[in-house]
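Each remark here refers to the structure printed beneath this line.
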There are 2 protein chains.
Amino acid sequence: MTTTPDSVVRAYIAEHSSQFFADLKEWLRIPSISGQPERHPDVRRSAEWLAAKLRETGFPTVEVWETAGLPAVFAEWPSGDPNAPTVVVYGHHDVQPVDPVELWESDPFEPVERGERLVGRGAADDKGQVFFHTLGVRAHLAVTGRTAPAVNLKLIVEGEEESGSPHFADLLRRHKDRLACDVVVVSDTGMWSKDTPTTTTAMRGLTDCQIDFYGPENDIHSGSFGGAVPNPATELCRVLAQLHDEHGRVTIPGFYDDVVELTERERELIARLPFDEKAWLANAKSRAPWGEAGFSTLERVWARPTAEVNGVWGGYTGPGHKTIIPAEAHAKVSFRLVADQDPAKIQELFTAWLSDRVPDGIEYRVEFFGPGVRPCLTPLDHPALQALTRALERAFEKEILYTREGGSGPEADLQDILEAPVVFLGMSLPDDGWHAPNEKVEMPLLLKGAEAAAYLWQDLAESLRK
Amino acid sequence: MTTTPDSVVRAYIAEHSSQFFADLKEWLRIPSISGQPERHPDVRRSAEWLAAKLRETGFPTVEVWETAGLPAVFAEWPSGDPNAPTVVVYGHHDVQPVDPVELWESDPFEPVERGERLVGRGAADDKGQVFFHTLGVRAHLAVTGRTAPAVNLKLIVEGEEESGSPHFADLLRRHKDRLACDVVVVSDTGMWSKDTPTTTTAMRGLTDCQIDFYGPENDIHSGSFGGAVPNPATELCRVLAQLHDEHGRVTIPGFYDDVVELTERERELIARLPFDEKAWLANAKSRAPWGEAGFSTLERVWARPTAEVNGVWGGYTGPGHKTIIPAEAHAKVSFRLVADQDPAKIQELFTAWLSDRVPDGIEYRVEFFGPGVRPCLTPLDHPALQALTRALERAFEKEILYTREGGSGPEADLQDILEAPVVFLGMSLPDDGWHAPNEKVEMPLLLKGAEAAAYLWQDLAESLRK
């Protein structure tokens, strides 16, 4: 591995940081809110602004890709080396709405610096994180003396992430050939804390459904009939109560069959994170921890699948009382999944489990909301994750630990459609205020992101070399 | 026992039946709907009409008793014999609304005869059944040659039964002394069928409540937190699912302690009723029977206590999906009770049971809707019930079987406040259309009611003689 003294990279980045933040502020002034139709021209303007800036950065190919909704930006910079690996960087250029705007201490679209913080909508989510890649690749070129990156570098920056990425999977499928790659680097996440730099190794998947139980044709009198016919509300509760055993484990046969268990090393690294359960509970606005026996809170949220009742309703729910046996009862149930659980298989297992538990006299229906989202996981020993870890350790001069995400995101589409592992180069902090008033980003962390990217392209060029 | 040839009673009743039905029709023309404020003057007119008719019948004391709502009618006819027992007859003179009026084949308040049926609002529920007592007591006097009944006969006919008897308990308490009695005869019920005359021996009681479970302070993200904090919807389902064991028995410790079990004789008599479970299920609009193992459908509804979920709600219940852990979940739960269960004790037992089952991290509240309704039961060997059985057997010239009521009614107040056993002399049939369009009564059955009353006063005078 050719080693460039890291101090040279840092010096390059420091030298260009003023211009970097000046440019970023310009971009942040474009209110590219995908969720508000009157802002859609701004989302287009944001795409054009980014495209121009990427051309200026040196990307020989930059295209604005239309979708059925708002445009994405694609950029490509081939290395020229036929054996170089290909990287796709993912981010998004649309932002969240700013309501309640009265809680902002400054204009959301007039970014201001406060100490080391840059405050403005999109500073952390996600323009700041997309934009550090422009500085990163230039630092990489400058310090290696190259005219093209050591990897084939591609960027895909979508414009509808804050609206649920409704056309993103379609876009990926249409442009699958041009997005072909060996690894996806997602820059739309965060790290544990300023003092504990981390990268994310997994996101949970998801599948969810509505269950309908039908008993009597209409609500009937609980005096005349109570105790002698099945009550769909009681029966639905009885079924939902069986979702977990007394150890908090999901009881559906086969549910855990495909779960990639945490390794001892992973558990040890998770345990080393400075986790404050009390603070976590306060953030969860909850009174006590609960969950699968034998796992810590972080393990439960990051590495264990779940079954949750998201909603339940049936019978009389108004003020006072009405002594009826309800005609119907309903529930919405979601399952968070972990690698390698397959949402389609979980749907099948749950449907079979449910049908075994519905008693005589109850008709039922279960309907899933679409195919679900697959979980993703990049194992600690994956060469791309190891390269990312090395790059981060050089940038932070510190050991890097690992987190996971409990939620689900478009990253699963990247993994599935592009058939490539996903790693996460994210520089946001938990208190950055994503989706909230006074969103901010720590400016030194964006520079660390650029620095880590500079190291990463060089490292991947060798560690993933064909 | 002085026997009056039954044929003489029948002849008296037959002779006076034309006038009886002419008078009843006059009363039925008064639209005494307690549930409609614009009909309240008619309810008062109905009370006055009945009071006048009772005076005409011969009752020396007839009073219209005011309540905080609509008036009741009280009448009293002392026997003159210091050792005679005292009977209170209960009924009501208000009627249900007539909507949907377009489904009536004739004017609800212009009673018409169709064959043996008299059609009109209140024909069965309850004017027809109150009114046969005027004919019954006169037949009793005529055939015994007495000038006063053999029992001290009192009538209390309320005017708000169809509005839930909101002031009836208060009325009973205020007039407890004047209503003092040895037995209450309720004429506001029915029998199995024309071919299977029956009397009711019990009504279930009731207590019901709302349960509130509180988890996170607000709905939280099931990705970020799912699997690591308790979910109030899941937990509520888990608790409600424990209400019954796998045999359909309520699991609350002590719940069955005070239950008066069915005797072998009672079970045998119930089994002799020509019960058509398929027809019963169709009437229950239900697909299958369900309930406590070891009991028939009729036993379950009549003689077994229940726990029912009347309603349940919490979390996201709109269209589509929202993957949250809900902040709250709620349920309404009712218990039907049988003799000698005490609603207050059941409330205590349930509250304790619930508090044992709420997990850490869930705050909860349980609130009962008032003190509940006590069950009532008159055992088969009670002298008053035996006298009633004999009276009915003479009237129908047939063995009398026994039913119970699954619901709860103001009869419990009569039993509790007047501290007297309650028996049921009811002549309505299941297809009489109570509360429905085209309500009717079978005229021959009203005459049988009068006949049975005539026998009953004579019989009770001896069997309950002090």
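Quick note on naming: the chains in the structure tokens go A, B, ... in the order shown, residues restart at 1 in each chain, and ligands are numbered from 1 in order of appearance.
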
Checklist entry - Could you list, as a PyMOL selection string, every residue of chain B that has an atom within 6 Å of an atom of chain A, counting only C-alpha atoms? => result chain B and resi 216-217+223-224+227-230+234+237-238+241+285-291+297+300-301+306+309-317+323-325+361+406-407

Got time to write the residues from that selection, N, CA, C and O atoms, as a short mmCIF file (atom, residue, chain, number, x, y, z; two decimals), in the first residue's frame?
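Once written, out.cif looks like this:
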data_model
loop_
_atom_site.label_atom_id
_atom_site.label_comp_id
_atom_site.auth_asym_id
_atom_site.auth_seq_id
_atom_site.Cartn_x
_atom_site.Cartn_y
_atom_site.Cartn_z
N PRO B 216 -44.73 4.60 26.16
CA PRO B 216 -43.93 5.81 25.91
C PRO B 216 -44.81 7.06 26.01
O PRO B 216 -46.02 6.99 25.83
N GLU B 217 -44.16 8.19 26.27
CA GLU B 217 -44.92 9.44 26.40
C GLU B 217 -45.67 9.80 25.13
O GLU B 217 -46.69 10.45 25.16
N GLY B 223 -38.57 1.28 14.58
CA GLY B 223 -37.23 0.90 14.15
C GLY B 223 -36.20 1.30 15.19
O GLY B 223 -35.39 0.49 15.62
N SER B 224 -36.30 2.52 15.65
CA SER B 224 -35.31 3.01 16.61
C SER B 224 -35.41 2.33 17.96
O SER B 224 -34.42 2.18 18.66
N GLY B 227 -38.46 -3.56 20.19
CA GLY B 227 -37.79 -4.72 20.72
C GLY B 227 -37.09 -4.46 22.03
O GLY B 227 -36.58 -5.38 22.67
N ALA B 228 -37.07 -3.17 22.45
CA ALA B 228 -36.29 -2.84 23.63
C ALA B 228 -37.08 -2.07 24.69
O ALA B 228 -36.56 -1.79 25.76
N VAL B 229 -38.33 -1.72 24.37
CA VAL B 229 -39.20 -1.10 25.38
C VAL B 229 -40.56 -1.78 25.30
O VAL B 229 -40.94 -2.31 24.25
N PRO B 230 -41.30 -1.79 26.41
CA PRO B 230 -42.61 -2.44 26.36
C PRO B 230 -43.58 -1.65 25.50
O PRO B 230 -43.57 -0.43 25.50
N THR B 234 -49.31 -4.29 22.78
CA THR B 234 -48.98 -5.71 22.94
C THR B 234 -49.25 -6.17 24.37
O THR B 234 -49.84 -7.23 24.60
N CYS B 237 -52.93 -6.54 25.07
CA CYS B 237 -53.42 -7.79 24.47
C CYS B 237 -53.01 -8.99 25.32
O CYS B 237 -53.78 -9.92 25.53
N ARG B 238 -51.76 -8.94 25.81
CA ARG B 238 -51.26 -10.05 26.62
C ARG B 238 -52.08 -10.21 27.88
O ARG B 238 -52.35 -11.32 28.32
N ALA B 241 -55.65 -11.40 26.93
CA ALA B 241 -55.61 -12.80 26.49
C ALA B 241 -55.62 -13.75 27.68
O ALA B 241 -55.98 -14.92 27.54
N LYS B 285 -76.01 -14.05 14.97
CA LYS B 285 -75.25 -13.63 13.78
C LYS B 285 -73.80 -14.10 13.88
O LYS B 285 -72.87 -13.43 13.42
N SER B 286 -73.64 -15.27 14.48
CA SER B 286 -72.30 -15.77 14.74
C SER B 286 -72.08 -17.08 14.00
O SER B 286 -73.03 -17.75 13.58
N ARG B 287 -70.81 -17.44 13.86
CA ARG B 287 -70.45 -18.56 13.00
C ARG B 287 -70.27 -19.87 13.75
O ARG B 287 -70.29 -20.93 13.15
N ALA B 288 -70.01 -19.79 15.05
CA ALA B 288 -69.74 -21.02 15.80
C ALA B 288 -69.99 -20.75 17.28
O ALA B 288 -69.84 -19.62 17.73
N PRO B 289 -70.36 -21.78 18.00
CA PRO B 289 -70.46 -21.59 19.45
C PRO B 289 -69.05 -21.57 20.04
O PRO B 289 -68.10 -22.02 19.43
N TRP B 290 -68.96 -21.03 21.22
CA TRP B 290 -67.70 -20.94 21.96
C TRP B 290 -68.07 -20.79 23.40
O TRP B 290 -69.15 -20.30 23.71
N GLY B 291 -67.21 -21.18 24.31
CA GLY B 291 -67.47 -20.87 25.70
C GLY B 291 -66.86 -21.84 26.67
O GLY B 291 -65.99 -22.65 26.31
N THR B 297 -74.66 -24.28 25.35
CA THR B 297 -74.82 -22.88 24.98
C THR B 297 -75.80 -22.17 25.91
O THR B 297 -75.52 -21.07 26.41
N ARG B 300 -74.30 -21.61 29.25
CA ARG B 300 -73.28 -20.55 29.20
C ARG B 300 -73.91 -19.17 29.27
O ARG B 300 -73.42 -18.27 29.96
N VAL B 301 -74.98 -18.98 28.52
CA VAL B 301 -75.60 -17.66 28.46
C VAL B 301 -76.41 -17.35 29.71
O VAL B 301 -76.50 -16.22 30.15
N THR B 306 -69.22 -14.29 32.69
CA THR B 306 -68.35 -14.09 31.53
C THR B 306 -67.39 -12.94 31.74
O THR B 306 -67.59 -12.09 32.63
N VAL B 309 -64.32 -8.58 26.10
CA VAL B 309 -63.72 -7.33 25.63
C VAL B 309 -64.77 -6.64 24.75
O VAL B 309 -65.11 -7.14 23.68
N ASN B 310 -65.32 -5.53 25.23
CA ASN B 310 -66.34 -4.81 24.47
C ASN B 310 -65.72 -3.87 23.44
O ASN B 310 -66.38 -3.48 22.47
N GLY B 311 -64.48 -3.50 23.69
CA GLY B 311 -63.81 -2.61 22.74
C GLY B 311 -62.34 -2.54 23.10
O GLY B 311 -61.95 -2.75 24.25
N VAL B 312 -61.53 -2.28 22.09
CA VAL B 312 -60.09 -2.17 22.31
C VAL B 312 -59.56 -1.17 21.29
O VAL B 312 -60.04 -1.11 20.16
N TRP B 313 -58.63 -0.33 21.72
CA TRP B 313 -58.05 0.62 20.77
C TRP B 313 -56.72 1.15 21.27
O TRP B 313 -56.49 1.24 22.47
N GLY B 314 -55.88 1.49 20.29
CA GLY B 314 -54.57 2.05 20.63
C GLY B 314 -53.69 2.09 19.41
O GLY B 314 -53.82 1.25 18.52
N GLY B 315 -52.80 3.08 19.35
CA GLY B 315 -51.84 3.17 18.26
C GLY B 315 -52.46 3.62 16.97
O GLY B 315 -53.48 4.30 16.96
N TYR B 316 -51.82 3.22 15.88
CA TYR B 316 -52.25 3.71 14.58
C TYR B 316 -53.35 2.81 14.02
O TYR B 316 -53.17 1.60 13.88
N THR B 317 -54.48 3.44 13.70
CA THR B 317 -55.64 2.65 13.26
C THR B 317 -56.19 3.18 11.94
O THR B 317 -57.29 2.80 11.54
N THR B 323 -45.27 2.52 11.40
CA THR B 323 -44.55 1.55 12.23
C THR B 323 -44.10 2.21 13.53
O THR B 323 -42.97 2.64 13.67
N ILE B 324 -45.05 2.26 14.44
CA ILE B 324 -44.81 2.90 15.73
C ILE B 324 -44.98 1.91 16.87
O ILE B 324 -45.60 0.87 16.74
N ILE B 325 -44.41 2.30 18.00
CA ILE B 325 -44.81 1.71 19.28
C ILE B 325 -45.77 2.73 19.88
O ILE B 325 -45.39 3.88 20.13
N GLY B 361 -42.72 -0.69 33.33
CA GLY B 361 -42.64 0.22 32.18
C GLY B 361 -43.98 0.59 31.62
O GLY B 361 -44.07 1.42 30.72
N GLY B 406 -79.89 -13.79 29.98
CA GLY B 406 -78.45 -13.53 29.98
C GLY B 406 -78.11 -12.09 30.32
O GLY B 406 -77.03 -11.79 30.81
N GLY B 407 -79.08 -11.20 30.06
CA GLY B 407 -78.84 -9.77 30.30
C GLY B 407 -79.15 -9.38 31.73
O GLY B 407 -79.40 -10.21 32.61
#

Checklist entry - Taking the backbone alone, and naming residues the way the document does, which bits of range 168-312 of chain B are alpha helix (DSSP H) by DSSP, as a PyMOL selection string? => result chain B and resi 168-174+222-225+232-241+264-272+277-283+297-303

What lies within 7 Å of Val183 in chain B using only C-alpha atoms, ignoring chain neighbours under 6 positions off, as a compact mmCIF listing (two decimals) with C-alpha atoms, in the first residue's frame?
# COMPACT_ATOMS: atom_id res chain seq x y z
CA THR B 86 -97.81 -9.07 49.94
CA VAL B 87 -97.02 -9.11 46.22
CA VAL B 88 -95.57 -6.29 44.12
CA ALA B 420 -87.69 -9.79 48.10
CA PRO B 421 -87.39 -12.68 45.68
CA VAL B 422 -88.37 -11.96 42.09

Item to check | Point-to-point distance in Å for CA of Ala454 in chain A and CA of Lys466 in chain A | outcome: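 Here the two named atoms are 20.2 Å from each other.
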
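Neighbours of Val186 in chain B closer than or equal to 7 Å, with only C-alpha atoms counted and sequence neighbours fewer than 4 positions away skipped, come out as Val89, Tyr90, Gly91, Val422, Val423, Phe424 and Leu425 of chain B.
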
Checklist entry - Counting only C-alpha atoms, what is within 8 Å of range 37-45 of chain B, bar same-chain residues fewer than 5 positions away, as number ranges by chain? => result B: 30-32, 70-71, 93-94, 159

Given the selection you just returned, output its residues as a file containing all heavy atoms, formatted as a PDB file, in the first residue's frame.
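Final output, saved to part-v4.pdb:
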ATOM      1  N   ILE B  30    -101.712   5.725  22.996  1.00  0.00           N
ATOM      2  CA  ILE B  30    -100.944   6.825  23.610  1.00  0.00           C
ATOM      3  C   ILE B  30     -99.460   6.580  23.347  1.00  0.00           C
ATOM      4  O   ILE B  30     -98.898   5.597  23.834  1.00  0.00           O
ATOM      5  CB  ILE B  30    -101.215   6.904  25.129  1.00  0.00           C
ATOM      6  CG1 ILE B  30    -102.712   7.089  25.388  1.00  0.00           C
ATOM      7  CG2 ILE B  30    -100.389   8.034  25.752  1.00  0.00           C
ATOM      8  CD1 ILE B  30    -103.091   7.052  26.865  1.00  0.00           C
ATOM      9  N   PRO B  31     -98.791   7.435  22.566  1.00  0.00           N
ATOM     10  CA  PRO B  31     -97.397   7.163  22.166  1.00  0.00           C
ATOM     11  C   PRO B  31     -96.412   7.542  23.269  1.00  0.00           C
ATOM     12  O   PRO B  31     -95.671   8.518  23.166  1.00  0.00           O
ATOM     13  CB  PRO B  31     -97.210   8.020  20.912  1.00  0.00           C
ATOM     14  CG  PRO B  31     -98.219   9.116  21.030  1.00  0.00           C
ATOM     15  CD  PRO B  31     -99.332   8.642  21.927  1.00  0.00           C
ATOM     16  N   SER B  32     -96.393   6.743  24.317  1.00  0.00           N
ATOM     17  CA  SER B  32     -95.628   7.091  25.529  1.00  0.00           C
ATOM     18  C   SER B  32     -94.149   6.712  25.402  1.00  0.00           C
ATOM     19  O   SER B  32     -93.638   5.885  26.152  1.00  0.00           O
ATOM     20  CB  SER B  32     -96.256   6.400  26.742  1.00  0.00           C
ATOM     21  OG  SER B  32     -96.421   5.013  26.497  1.00  0.00           O
ATOM     22  N   LEU B  70     -89.804  10.901  34.454  1.00  0.00           N
ATOM     23  CA  LEU B  70     -91.199  10.645  34.067  1.00  0.00           C
ATOM     24  C   LEU B  70     -91.903   9.834  35.149  1.00  0.00           C
ATOM     25  O   LEU B  70     -91.272   9.083  35.887  1.00  0.00           O
ATOM     26  CB  LEU B  70     -91.211   9.935  32.714  1.00  0.00           C
ATOM     27  CG  LEU B  70     -90.680  10.833  31.570  1.00  0.00           C
ATOM     28  CD1 LEU B  70     -90.357  10.005  30.339  1.00  0.00           C
ATOM     29  CD2 LEU B  70     -91.691  11.930  31.253  1.00  0.00           C
ATOM     30  N   PRO B  71     -93.235   9.968  35.250  1.00  0.00           N
ATOM     31  CA  PRO B  71     -93.957   9.387  36.391  1.00  0.00           C
ATOM     32  C   PRO B  71     -94.189   7.882  36.284  1.00  0.00           C
ATOM     33  O   PRO B  71     -94.317   7.336  35.197  1.00  0.00           O
ATOM     34  CB  PRO B  71     -95.292  10.127  36.380  1.00  0.00           C
ATOM     35  CG  PRO B  71     -95.495  10.542  34.968  1.00  0.00           C
ATOM     36  CD  PRO B  71     -94.129  10.763  34.376  1.00  0.00           C
ATOM     37  N   HIS B  93     -94.910   1.485  31.633  1.00  0.00           N
ATOM     38  CA  HIS B  93     -95.930   1.989  30.701  1.00  0.00           C
ATOM     39  C   HIS B  93     -95.322   2.832  29.588  1.00  0.00           C
ATOM     40  O   HIS B  93     -96.049   3.330  28.720  1.00  0.00           O
ATOM     41  CB  HIS B  93     -97.015   2.772  31.460  1.00  0.00           C
ATOM     42  CG  HIS B  93     -96.537   4.046  32.102  1.00  0.00           C
ATOM     43  ND1 HIS B  93     -96.551   5.244  31.424  1.00  0.00           N
ATOM     44  CD2 HIS B  93     -96.019   4.297  33.333  1.00  0.00           C
ATOM     45  CE1 HIS B  93     -96.072   6.194  32.240  1.00  0.00           C
ATOM     46  NE2 HIS B  93     -95.730   5.648  33.400  1.00  0.00           N
ATOM     47  N   ASP B  94     -93.999   3.024  29.598  1.00  0.00           N
ATOM     48  CA  ASP B  94     -93.381   3.739  28.474  1.00  0.00           C
ATOM     49  C   ASP B  94     -93.007   2.728  27.396  1.00  0.00           C
ATOM     50  O   ASP B  94     -92.940   1.522  27.658  1.00  0.00           O
ATOM     51  CB  ASP B  94     -92.151   4.534  28.938  1.00  0.00           C
ATOM     52  CG  ASP B  94     -91.052   3.652  29.511  1.00  0.00           C
ATOM     53  OD1 ASP B  94     -91.376   2.655  30.209  1.00  0.00           O
ATOM     54  OD2 ASP B  94     -89.868   3.931  29.254  1.00  0.00           O
ATOM     55  N   GLY B 159     -92.183   4.562  34.216  1.00  0.00           N
ATOM     56  CA  GLY B 159     -92.342   5.278  32.946  1.00  0.00           C
ATOM     57  C   GLY B 159     -91.038   5.593  32.239  1.00  0.00           C
ATOM     58  O   GLY B 159     -91.017   6.381  31.286  1.00  0.00           O
TER      59      GLY B 159
END

Checklist entry - If you count only C-alpha atoms, which residues fall within 6 Å of range 451-453 of chain A, apart from same-chain ones fewer than 2 positions away, as a list of chain:residue names? => result A:Gly136, A:Ala391, A:Leu392, A:Ala395, A:Lys448, A:Gly449, A:Tyr455, A:Leu456

Please write the residues from the selection above to a file, keeping C-alpha atoms, as a short mmCIF file (atom, residue, chain, number, x, y, z; two decimals), in the first residue's frame.
data_model
loop_
_atom_site.label_atom_id
_atom_site.label_comp_id
_atom_site.auth_asym_id
_atom_site.auth_seq_id
_atom_site.Cartn_x
_atom_site.Cartn_y
_atom_site.Cartn_z
CA GLY A 136 -12.58 14.11 -0.25
CA ALA A 391 -9.73 5.05 6.75
CA LEU A 392 -11.79 6.24 9.74
CA ALA A 395 -8.93 10.31 10.10
CA LYS A 448 -13.07 14.30 8.90
CA GLY A 449 -15.51 12.78 6.44
CA TYR A 455 -7.99 7.52 2.59
CA LEU A 456 -10.79 5.16 1.67
#

Next on the checklist: Which residues are near Leu50 in chain B? Cut-off 8 Å, only C-alpha atoms, ignore same chain within fewer than 3 positions. Put them as a ChimeraX atom specification.
Outcome noted: /B:27,46-47,53-54,73

Checklist entry - Between CA of Phe131 in chain B and CA of Ala72 in chain B, what is the spacing in Å? => result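 Value for the CA of Ala72 in chain B-CA of Phe131 in chain B distance: 14.6 Å.
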
Checklist entry - Which of these, B:Ile211, B:Leu388, B:Leu273, B:Ala436, has the shortest distance to Thr351 in chain B once you count only C-alpha atoms? => result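 Ranking B:Ile211, B:Leu388, B:Leu273, B:Ala436 by distance to Thr351 in chain B, first place goes to B:Ile211.
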